[in-house]
Amino acid sequence: MPSKKYIELQEFTDDELKNELNETHNQYQKLQFDHTLRGLENPLALREVRRDIARLNTEARRRELSAMSEEDTALRTKKVARRRKK
């Protein structure tokens, strides 16, 4: 069952997704800085923000792949197969 955050991300437009990714990345940098200087009350917040960034990146990549033409997808498949042989 998908999480609520995943379902929310599917409703975002591409611009909203990019903005959210930038905001979340800035929030992560600020949390890291604060944690380095004086520590956080809940250091697990760093983990949650990292996971949110990963969710956003995954959704952006999923949309990118779904927008690819069949020719581009075929080329990508060949590249992946070539990498696996090594």
# chains A, B, ... in the order shown; residues from 1 in each chain; ligands from 1
>>> residues_around(residues="Leu9 (chain A)", least_positions_apart="6", cutoff="12 Å", atoms="only C-alpha atoms", output="ChimeraX atom specification")
/A:2-3,15-18,20-21,52-60,62-63
>>> select_by_dssp(residues="chain A", states="alpha helix (DSSP H)", output="number ranges by chain")
A: 4-11, 14-37, 44-66, 70-85
>>> residues_around(residues="Asn42 (chain A)", least_positions_apart="5", cutoff="12 Å", atoms="only C-alpha atoms", output="list in words")
Leu31, Gln32, Asp34, His35, Arg47 and Glu48 of chain A
>>> write_last_selection(atoms="N, CA and C atoms", output="mmCIF file, in the first residue's frame")
data_model
loop_
_atom_site.group_PDB
_atom_site.id
_atom_site.type_symbol
_atom_site.label_atom_id
_atom_site.label_comp_id
_atom_site.auth_asym_id
_atom_site.auth_seq_id
_atom_site.Cartn_x
_atom_site.Cartn_y
_atom_site.Cartn_z
ATOM 1 N N LEU A 31 18.974 21.869 8.627
ATOM 2 C CA LEU A 31 18.965 20.905 9.724
ATOM 3 C C LEU A 31 20.366 20.343 9.976
ATOM 4 N N GLN A 32 21.089 20.046 8.906
ATOM 5 C CA GLN A 32 22.448 19.527 9.049
ATOM 6 C C GLN A 32 23.343 20.543 9.746
ATOM 7 N N ASP A 34 22.408 23.052 11.739
ATOM 8 C CA ASP A 34 21.988 23.181 13.134
ATOM 9 C C ASP A 34 22.449 21.984 13.956
ATOM 10 N N HIS A 35 22.385 20.808 13.385
ATOM 11 C CA HIS A 35 22.803 19.602 14.101
ATOM 12 C C HIS A 35 24.304 19.628 14.377
ATOM 13 N N ARG A 47 16.881 12.010 8.925
ATOM 14 C CA ARG A 47 16.543 10.819 8.149
ATOM 15 C C ARG A 47 15.236 11.022 7.386
ATOM 16 N N GLU A 48 14.252 11.582 8.068
ATOM 17 C CA GLU A 48 12.952 11.796 7.436
ATOM 18 C C GLU A 48 13.059 12.760 6.263
#
>>> atom_distance(atom1="CA of Asn19 (chain A)", atom2="CA of Pro43 (chain A)")
24.7 Å
>>> atom_distance(atom1="CA of Thr73 (chain A)", atom2="CA of Glu8 (chain A)")
26.8 Å
